[in-house]
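The file my_file32.txt contains compact mmCIF, N, CA and C atoms:
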```txt
# COMPACT_ATOMS: atom_id res chain seq x y z
N MET U 12 -6.08 -73.04 -37.06
CA MET U 12 -6.23 -71.93 -36.15
C MET U 12 -4.86 -71.55 -35.60
N GLU U 13 -4.45 -70.31 -35.80
CA GLU U 13 -3.16 -69.84 -35.32
C GLU U 13 -3.30 -69.45 -33.85
N ARG U 14 -2.27 -69.74 -33.08
CA ARG U 14 -2.31 -69.42 -31.66
C ARG U 14 -1.12 -68.55 -31.30
N ILE U 15 -1.34 -67.63 -30.42
CA ILE U 15 -0.29 -66.78 -29.89
C ILE U 15 -0.11 -67.19 -28.44
N SER U 16 1.06 -67.68 -28.10
CA SER U 16 1.31 -68.12 -26.73
C SER U 16 1.78 -66.96 -25.88
N VAL U 17 1.11 -66.77 -24.77
CA VAL U 17 1.52 -65.79 -23.79
C VAL U 17 2.10 -66.57 -22.63
N VAL U 18 3.40 -66.40 -22.41
CA VAL U 18 4.11 -67.20 -21.43
C VAL U 18 4.35 -66.39 -20.17
N PRO U 19 3.91 -66.89 -19.02
CA PRO U 19 4.19 -66.18 -17.79
C PRO U 19 5.69 -66.18 -17.52
N PRO U 20 6.23 -65.10 -16.90
CA PRO U 20 7.67 -64.98 -16.75
C PRO U 20 8.33 -66.07 -15.92
N GLN U 21 7.62 -66.69 -15.00
CA GLN U 21 8.22 -67.70 -14.16
C GLN U 21 8.32 -69.06 -14.84
N VAL U 22 7.76 -69.20 -16.07
CA VAL U 22 7.78 -70.46 -16.78
C VAL U 22 8.71 -70.36 -17.97
N ASP U 23 9.66 -71.28 -18.08
CA ASP U 23 10.52 -71.35 -19.24
C ASP U 23 9.84 -72.24 -20.26
N ALA U 24 9.32 -71.63 -21.34
CA ALA U 24 8.53 -72.37 -22.32
C ALA U 24 9.32 -73.52 -22.94
N ALA U 25 10.63 -73.38 -23.08
CA ALA U 25 11.46 -74.42 -23.69
C ALA U 25 11.54 -75.66 -22.81
N SER U 26 11.34 -75.49 -21.50
CA SER U 26 11.47 -76.62 -20.59
C SER U 26 10.17 -77.41 -20.43
N LEU U 27 9.08 -76.92 -21.02
CA LEU U 27 7.81 -77.62 -20.89
C LEU U 27 7.74 -78.78 -21.86
N SER U 28 7.15 -79.89 -21.41
CA SER U 28 6.94 -81.02 -22.31
C SER U 28 5.71 -80.73 -23.15
N GLU U 29 5.55 -81.47 -24.25
CA GLU U 29 4.39 -81.26 -25.12
C GLU U 29 3.09 -81.56 -24.40
N GLU U 30 3.14 -82.45 -23.41
CA GLU U 30 1.92 -82.82 -22.70
C GLU U 30 1.45 -81.74 -21.74
N GLU U 31 2.39 -80.91 -21.26
CA GLU U 31 2.01 -79.88 -20.31
C GLU U 31 1.25 -78.79 -21.04
N SER U 32 0.18 -78.35 -20.45
CA SER U 32 -0.68 -77.39 -21.12
C SER U 32 -0.54 -76.01 -20.52
N LEU U 33 -0.52 -75.00 -21.39
CA LEU U 33 -0.55 -73.61 -20.94
C LEU U 33 -1.85 -72.96 -21.40
N GLU U 34 -2.94 -73.74 -21.42
CA GLU U 34 -4.20 -73.24 -21.96
C GLU U 34 -4.60 -71.90 -21.36
N GLU U 35 -4.40 -71.70 -20.05
CA GLU U 35 -4.80 -70.44 -19.45
C GLU U 35 -3.89 -69.30 -19.87
N ASN U 36 -2.76 -69.61 -20.49
CA ASN U 36 -1.81 -68.58 -20.92
C ASN U 36 -1.70 -68.48 -22.43
N VAL U 37 -2.64 -69.08 -23.15
CA VAL U 37 -2.60 -69.05 -24.61
C VAL U 37 -3.76 -68.24 -25.12
N VAL U 38 -3.48 -67.34 -26.03
CA VAL U 38 -4.50 -66.50 -26.62
C VAL U 38 -4.66 -66.92 -28.07
N SER U 39 -5.84 -67.24 -28.47
CA SER U 39 -6.09 -67.60 -29.86
C SER U 39 -6.25 -66.34 -30.68
N ALA U 40 -5.51 -66.27 -31.79
CA ALA U 40 -5.57 -65.09 -32.66
C ALA U 40 -6.89 -65.01 -33.40
N GLN U 41 -7.68 -66.09 -33.35
CA GLN U 41 -8.92 -66.06 -34.09
C GLN U 41 -10.14 -66.04 -33.18
N GLN U 42 -9.94 -65.80 -31.91
CA GLN U 42 -11.08 -65.66 -31.01
C GLN U 42 -11.81 -64.38 -31.34
N SER U 43 -13.06 -64.29 -30.96
CA SER U 43 -13.81 -63.07 -31.24
C SER U 43 -13.27 -61.88 -30.46
N ASN U 44 -12.70 -62.11 -29.30
CA ASN U 44 -12.14 -61.03 -28.50
C ASN U 44 -10.84 -61.50 -27.86
N PRO U 45 -9.73 -61.54 -28.63
CA PRO U 45 -8.48 -62.09 -28.12
C PRO U 45 -7.66 -61.08 -27.33
N ILE U 46 -8.29 -60.25 -26.54
CA ILE U 46 -7.57 -59.23 -25.79
C ILE U 46 -7.05 -59.84 -24.49
N VAL U 47 -5.78 -59.62 -24.22
CA VAL U 47 -5.14 -60.17 -23.04
C VAL U 47 -5.52 -59.32 -21.84
N GLU U 48 -6.02 -59.96 -20.81
CA GLU U 48 -6.31 -59.27 -19.56
C GLU U 48 -5.11 -59.47 -18.64
N MET U 49 -4.49 -58.37 -18.23
CA MET U 49 -3.32 -58.46 -17.37
C MET U 49 -3.58 -57.68 -16.09
N SER U 50 -3.15 -58.24 -14.99
CA SER U 50 -3.23 -57.52 -13.73
C SER U 50 -2.20 -56.41 -13.75
N GLU U 51 -2.47 -55.36 -12.99
CA GLU U 51 -1.53 -54.25 -12.93
C GLU U 51 -0.18 -54.73 -12.43
N GLY U 52 0.88 -54.36 -13.14
CA GLY U 52 2.22 -54.73 -12.75
C GLY U 52 2.65 -56.12 -13.20
N GLU U 53 1.73 -56.90 -13.73
CA GLU U 53 2.05 -58.25 -14.18
C GLU U 53 2.80 -58.20 -15.51
N VAL U 54 3.88 -58.96 -15.62
CA VAL U 54 4.67 -59.00 -16.85
C VAL U 54 4.29 -60.25 -17.64
N LYS U 55 3.92 -60.04 -18.89
CA LYS U 55 3.60 -61.16 -19.78
C LYS U 55 4.48 -61.04 -21.00
N LYS U 56 4.80 -62.20 -21.56
CA LYS U 56 5.63 -62.26 -22.75
C LYS U 56 4.89 -63.04 -23.82
N VAL U 57 5.25 -62.76 -25.07
CA VAL U 57 4.65 -63.45 -26.20
C VAL U 57 5.74 -63.74 -27.22
N ILE U 58 5.62 -64.87 -27.87
CA ILE U 58 6.51 -65.22 -28.97
C ILE U 58 5.80 -64.78 -30.25
N LEU U 59 6.46 -63.94 -31.05
CA LEU U 59 5.84 -63.44 -32.28
C LEU U 59 5.72 -64.57 -33.29
N PRO U 60 4.49 -64.93 -33.67
CA PRO U 60 4.28 -66.02 -34.63
C PRO U 60 4.73 -65.64 -36.04
N GLN U 61 5.01 -66.66 -36.84
CA GLN U 61 5.33 -66.48 -38.24
C GLN U 61 4.20 -65.72 -38.92
N GLY U 62 4.54 -64.71 -39.71
CA GLY U 62 3.54 -63.96 -40.46
C GLY U 62 2.87 -62.83 -39.70
N LYS U 63 3.20 -62.66 -38.43
CA LYS U 63 2.62 -61.57 -37.63
C LYS U 63 3.55 -60.37 -37.64
N THR U 64 2.95 -59.20 -37.60
CA THR U 64 3.68 -57.95 -37.43
C THR U 64 3.30 -57.37 -36.07
N LEU U 65 3.99 -56.31 -35.67
CA LEU U 65 3.62 -55.68 -34.41
C LEU U 65 2.19 -55.14 -34.49
N ARG U 66 1.80 -54.63 -35.65
CA ARG U 66 0.43 -54.11 -35.82
C ARG U 66 -0.61 -55.22 -35.66
N LEU U 67 -0.37 -56.36 -36.30
CA LEU U 67 -1.33 -57.46 -36.19
C LEU U 67 -1.36 -58.02 -34.77
N LEU U 68 -0.20 -58.07 -34.14
CA LEU U 68 -0.15 -58.55 -32.75
C LEU U 68 -0.93 -57.61 -31.84
N ALA U 69 -0.75 -56.29 -32.04
CA ALA U 69 -1.48 -55.31 -31.23
C ALA U 69 -2.99 -55.43 -31.44
N LEU U 70 -3.39 -55.66 -32.67
CA LEU U 70 -4.82 -55.84 -32.96
C LEU U 70 -5.36 -57.06 -32.22
N ASP U 71 -4.63 -58.16 -32.30
CA ASP U 71 -5.06 -59.39 -31.63
C ASP U 71 -5.10 -59.25 -30.11
N LEU U 72 -4.11 -58.59 -29.55
CA LEU U 72 -3.98 -58.55 -28.10
C LEU U 72 -4.70 -57.38 -27.43
N PHE U 73 -4.73 -56.24 -28.11
CA PHE U 73 -5.27 -55.03 -27.47
C PHE U 73 -6.46 -54.42 -28.19
N GLY U 74 -6.84 -55.00 -29.34
CA GLY U 74 -8.05 -54.55 -30.01
C GLY U 74 -7.88 -53.44 -31.03
N ASN U 75 -6.65 -52.95 -31.23
CA ASN U 75 -6.41 -51.91 -32.23
C ASN U 75 -4.95 -51.98 -32.69
N ARG U 76 -4.75 -51.84 -34.00
CA ARG U 76 -3.40 -51.91 -34.58
C ARG U 76 -2.47 -50.80 -34.09
N GLU U 77 -3.01 -49.65 -33.75
CA GLU U 77 -2.17 -48.51 -33.38
C GLU U 77 -1.37 -48.75 -32.10
N PHE U 78 -1.77 -49.71 -31.31
CA PHE U 78 -1.06 -49.98 -30.06
C PHE U 78 0.25 -50.74 -30.27
N TRP U 79 0.62 -51.00 -31.55
CA TRP U 79 1.91 -51.61 -31.88
C TRP U 79 3.05 -50.80 -31.25
N VAL U 80 2.86 -49.50 -31.19
CA VAL U 80 3.93 -48.61 -30.73
C VAL U 80 4.34 -48.94 -29.29
N TYR U 81 3.40 -49.35 -28.47
CA TYR U 81 3.73 -49.67 -27.08
C TYR U 81 4.46 -51.01 -26.97
N ILE U 82 4.13 -51.95 -27.85
CA ILE U 82 4.89 -53.21 -27.88
C ILE U 82 6.32 -52.89 -28.29
N TYR U 83 6.47 -52.03 -29.30
CA TYR U 83 7.80 -51.62 -29.75
C TYR U 83 8.57 -50.93 -28.62
N LEU U 84 7.95 -49.95 -27.97
CA LEU U 84 8.64 -49.22 -26.91
C LEU U 84 9.07 -50.15 -25.77
N GLN U 85 8.25 -51.11 -25.46
CA GLN U 85 8.56 -52.06 -24.39
C GLN U 85 9.74 -52.96 -24.77
N ASN U 86 10.00 -53.11 -26.07
CA ASN U 86 11.02 -54.05 -26.56
C ASN U 86 12.06 -53.40 -27.47
N LYS U 87 12.18 -52.07 -27.44
CA LYS U 87 13.05 -51.40 -28.40
C LYS U 87 14.52 -51.76 -28.24
N ASP U 88 14.89 -52.31 -27.10
CA ASP U 88 16.27 -52.76 -26.92
C ASP U 88 16.60 -53.95 -27.82
N LYS U 89 15.60 -54.70 -28.28
CA LYS U 89 15.84 -55.85 -29.15
C LYS U 89 15.19 -55.72 -30.52
N ILE U 90 14.54 -54.58 -30.78
CA ILE U 90 13.91 -54.33 -32.08
C ILE U 90 14.49 -53.04 -32.66
N PRO U 91 15.49 -53.13 -33.53
CA PRO U 91 16.05 -51.90 -34.11
C PRO U 91 15.08 -51.20 -35.07
N ASN U 92 14.25 -51.96 -35.76
CA ASN U 92 13.31 -51.40 -36.72
C ASN U 92 11.94 -52.06 -36.52
N PRO U 93 10.93 -51.29 -36.10
CA PRO U 93 9.62 -51.89 -35.85
C PRO U 93 8.94 -52.44 -37.11
N ASN U 94 9.44 -52.07 -38.28
CA ASN U 94 8.88 -52.60 -39.52
C ASN U 94 9.46 -53.96 -39.89
N ARG U 95 10.51 -54.37 -39.19
CA ARG U 95 11.16 -55.65 -39.48
C ARG U 95 11.45 -56.39 -38.18
N VAL U 96 10.45 -57.07 -37.70
CA VAL U 96 10.58 -57.82 -36.46
C VAL U 96 10.54 -59.30 -36.81
N PRO U 97 11.61 -60.03 -36.49
CA PRO U 97 11.65 -61.45 -36.87
C PRO U 97 10.66 -62.30 -36.08
N SER U 98 10.04 -63.26 -36.77
CA SER U 98 9.16 -64.18 -36.08
C SER U 98 10.00 -65.02 -35.11
N GLY U 99 9.37 -65.45 -34.05
CA GLY U 99 10.06 -66.25 -33.04
C GLY U 99 10.68 -65.43 -31.93
N ILE U 100 10.71 -64.11 -32.07
CA ILE U 100 11.28 -63.26 -31.03
C ILE U 100 10.34 -63.20 -29.83
N GLU U 101 10.91 -63.23 -28.65
CA GLU U 101 10.10 -63.12 -27.43
C GLU U 101 9.95 -61.65 -27.09
N LEU U 102 8.71 -61.22 -26.96
CA LEU U 102 8.41 -59.82 -26.68
C LEU U 102 7.71 -59.69 -25.34
N VAL U 103 8.09 -58.66 -24.60
CA VAL U 103 7.41 -58.33 -23.36
C VAL U 103 6.21 -57.47 -23.74
N LEU U 104 5.04 -57.81 -23.25
CA LEU U 104 3.84 -57.04 -23.54
C LEU U 104 3.78 -55.82 -22.63
N PRO U 105 3.35 -54.70 -23.19
CA PRO U 105 3.23 -53.49 -22.36
C PRO U 105 2.09 -53.61 -21.36
N ASP U 106 2.25 -52.96 -20.23
CA ASP U 106 1.21 -52.91 -19.21
C ASP U 106 0.16 -51.91 -19.67
N LYS U 107 -1.07 -52.38 -19.83
CA LYS U 107 -2.15 -51.54 -20.34
C LYS U 107 -2.38 -50.30 -19.47
N SER U 108 -2.19 -50.43 -18.18
CA SER U 108 -2.45 -49.30 -17.29
C SER U 108 -1.36 -48.22 -17.39
N ILE U 109 -0.14 -48.61 -17.67
CA ILE U 109 0.96 -47.63 -17.80
C ILE U 109 0.79 -46.80 -19.06
N TYR U 110 0.43 -47.46 -20.16
CA TYR U 110 0.29 -46.77 -21.43
C TYR U 110 -1.15 -46.34 -21.72
N PHE U 111 -2.07 -46.61 -20.84
CA PHE U 111 -3.47 -46.26 -21.02
C PHE U 111 -4.02 -46.84 -22.32
N ILE U 112 -3.76 -48.13 -22.53
CA ILE U 112 -4.22 -48.83 -23.73
C ILE U 112 -5.69 -49.18 -23.57
N ASN U 113 -6.51 -48.58 -24.43
CA ASN U 113 -7.95 -48.83 -24.39
C ASN U 113 -8.51 -48.62 -25.79
N ALA U 114 -8.79 -49.69 -26.49
CA ALA U 114 -9.28 -49.61 -27.87
C ALA U 114 -10.62 -48.90 -27.97
N ALA U 115 -11.39 -48.86 -26.91
CA ALA U 115 -12.69 -48.20 -26.93
C ALA U 115 -12.59 -46.69 -26.72
N ASP U 116 -11.40 -46.21 -26.37
CA ASP U 116 -11.19 -44.79 -26.11
C ASP U 116 -10.47 -44.16 -27.30
N SER U 117 -11.15 -43.30 -28.04
CA SER U 117 -10.57 -42.71 -29.25
C SER U 117 -9.32 -41.88 -28.94
N GLN U 118 -9.27 -41.27 -27.78
CA GLN U 118 -8.08 -40.49 -27.41
C GLN U 118 -6.87 -41.40 -27.18
N SER U 119 -7.10 -42.56 -26.60
CA SER U 119 -6.04 -43.53 -26.39
C SER U 119 -5.47 -44.00 -27.73
N VAL U 120 -6.36 -44.28 -28.68
CA VAL U 120 -5.94 -44.73 -30.01
C VAL U 120 -5.21 -43.61 -30.73
N LEU U 121 -5.73 -42.39 -30.67
CA LEU U 121 -5.11 -41.25 -31.32
C LEU U 121 -3.71 -40.96 -30.77
N LYS U 122 -3.57 -41.07 -29.47
CA LYS U 122 -2.26 -40.86 -28.84
C LYS U 122 -1.26 -41.90 -29.34
N ALA U 123 -1.67 -43.16 -29.41
CA ALA U 123 -0.79 -44.22 -29.90
C ALA U 123 -0.42 -43.99 -31.37
N LYS U 124 -1.39 -43.59 -32.17
CA LYS U 124 -1.14 -43.34 -33.59
C LYS U 124 -0.13 -42.21 -33.77
N SER U 125 -0.31 -41.15 -33.04
CA SER U 125 0.59 -39.99 -33.12
C SER U 125 2.01 -40.38 -32.71
N LEU U 126 2.13 -41.12 -31.63
CA LEU U 126 3.44 -41.56 -31.17
C LEU U 126 4.10 -42.50 -32.18
N GLY U 127 3.32 -43.39 -32.76
CA GLY U 127 3.83 -44.29 -33.78
C GLY U 127 4.34 -43.56 -34.99
N THR U 128 3.59 -42.56 -35.45
CA THR U 128 4.00 -41.75 -36.60
C THR U 128 5.32 -41.04 -36.31
N GLU U 129 5.44 -40.49 -35.10
CA GLU U 129 6.66 -39.81 -34.70
C GLU U 129 7.87 -40.76 -34.70
N ILE U 130 7.68 -41.95 -34.18
CA ILE U 130 8.77 -42.93 -34.13
C ILE U 130 9.18 -43.36 -35.53
N LEU U 131 8.21 -43.60 -36.40
CA LEU U 131 8.53 -44.04 -37.76
C LEU U 131 9.25 -42.95 -38.55
N ARG U 132 8.99 -41.68 -38.26
CA ARG U 132 9.68 -40.58 -38.92
C ARG U 132 11.16 -40.54 -38.58
N THR U 133 11.51 -41.01 -37.40
CA THR U 133 12.91 -40.95 -36.96
C THR U 133 13.76 -42.11 -37.50
N LEU U 134 13.14 -43.08 -38.14
CA LEU U 134 13.90 -44.23 -38.66
C LEU U 134 14.60 -43.91 -39.95
```
In structure tokens, how does this file's structure come out?
Amino acid sequence: MERISVVPPQVDAASLSEEESLEENVVSAQQSNPIVEMSEGEVKKVILPQGKTLRLLALDLFGNREFWVYIYLQNKDKIPNPNRVPSGIELVLPDKSIYFINAADSQSVLKAKSLGTEILRTL
């Protein structure tokens, strides 16, 4: 079972011992509903696992692949090309309320898809 660790900003993941658990901050990529619930204004970070893309990460975390664009926008200072994101990179997750991320809302998905297409055209 692959796991995606969501690390709270006040915790340095490298300083934790193996025995210390971050169970409340870990999202399983294979859960039936692995959507991260974030409080408004709360900053969460994730380490991109081996074999994951921004699209797969967005699907796991937000319920739709099209929301990759918001992960990219939140981290574009360290991602020159959204099609080539190295595994192991620490990414700041976008605030769902700022970007109106809602997989159940077709307009939200359509807006993300349109923005993603526009960004990919400029590369």
List every residue of region 69-92 of chain U that has an atom at most 8 Å from any atom of region 115-119 of chain U, and for each one report the closest atom pair and its distance in Å to one decimal, counting all atoms listed in the file, with rows sorted by chain and then by increasing residue number, as JSON lines.
```
{"residue": "U:Phe73", "atom": "C", "partner": "U:Ala115", "partner_atom": "N", "distance": 7.5}
{"residue": "U:Gly74", "atom": "C", "partner": "U:Ala115", "partner_atom": "N", "distance": 7.1}
{"residue": "U:Asn75", "atom": "N", "partner": "U:Ala115", "partner_atom": "N", "distance": 7.6}
{"residue": "U:Glu77", "atom": "C", "partner": "U:Ser119", "partner_atom": "C", "distance": 7.6}
{"residue": "U:Phe78", "atom": "N", "partner": "U:Ser119", "partner_atom": "C", "distance": 7.7}
```
List every protein, DNA or RNA residue that has at least one atom no more than 6 Å from (5.0, -49.1, -34.7) in the file's coordinates, counting all atoms listed in the file, and write the result as a PyMOL selection string.
chain U and resi 79-80+93+127
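The list of residues with at least one atom within 10 Å of Val96 (chain U), based on only C-alpha atoms and without residues fewer than 3 positions apart in the same chain, reads Leu59, Lys63, Thr64, Leu65, Tyr83, Lys89, Ile90, Pro91, Asn92, Pro93, Gly99 and Ile100 of chain U.
A straight line drawn from CA of Leu121 (chain U) to CA of Leu134 (chain U) is 20.6 Å long.
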Identify, on the basis of only C-alpha atoms, every residue whose closest approach to Leu102 (chain U) does not exceed 9 Å; exclude the query and any residue fewer than 4 positions from it along the same chain; express the result as a compact mmCIF listing (two decimals) with N, CA and C atoms, in the frame of the given file.
```
# COMPACT_ATOMS: atom_id res chain seq x y z
N LYS U 55 3.92 -60.04 -18.89
CA LYS U 55 3.60 -61.16 -19.78
C LYS U 55 4.48 -61.04 -21.00
N LYS U 56 4.80 -62.20 -21.56
CA LYS U 56 5.63 -62.26 -22.75
C LYS U 56 4.89 -63.04 -23.82
N VAL U 57 5.25 -62.76 -25.07
CA VAL U 57 4.65 -63.45 -26.20
C VAL U 57 5.74 -63.74 -27.22
N ILE U 58 5.62 -64.87 -27.87
CA ILE U 58 6.51 -65.22 -28.97
C ILE U 58 5.80 -64.78 -30.25
N LEU U 59 6.46 -63.94 -31.05
CA LEU U 59 5.84 -63.44 -32.28
C LEU U 59 5.72 -64.57 -33.29
N ILE U 82 4.13 -51.95 -27.85
CA ILE U 82 4.89 -53.21 -27.88
C ILE U 82 6.32 -52.89 -28.29
N TYR U 83 6.47 -52.03 -29.30
CA TYR U 83 7.80 -51.62 -29.75
C TYR U 83 8.57 -50.93 -28.62
N GLN U 85 8.25 -51.11 -25.46
CA GLN U 85 8.56 -52.06 -24.39
C GLN U 85 9.74 -52.96 -24.77
N ASN U 86 10.00 -53.11 -26.07
CA ASN U 86 11.02 -54.05 -26.56
C ASN U 86 12.06 -53.40 -27.47
N LYS U 89 15.60 -54.70 -28.28
CA LYS U 89 15.84 -55.85 -29.15
C LYS U 89 15.19 -55.72 -30.52
```
When distances are computed from only N, CA and C atoms, which of U:Tyr81, U:Pro60, U:Leu68, U:Asp88 shows the smallest separation from Asp106 (chain U)?
U:Tyr81
When distances are computed from all atoms listed in the file, which of U:Ile130, U:Ser98, U:Phe111, U:Lys124 shows the smallest separation from Arg76 (chain U)?
U:Lys124
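Note that the spacing between CA of Leu126 (chain U) and CA of Val103 (chain U) amounts to 18.9 Å.
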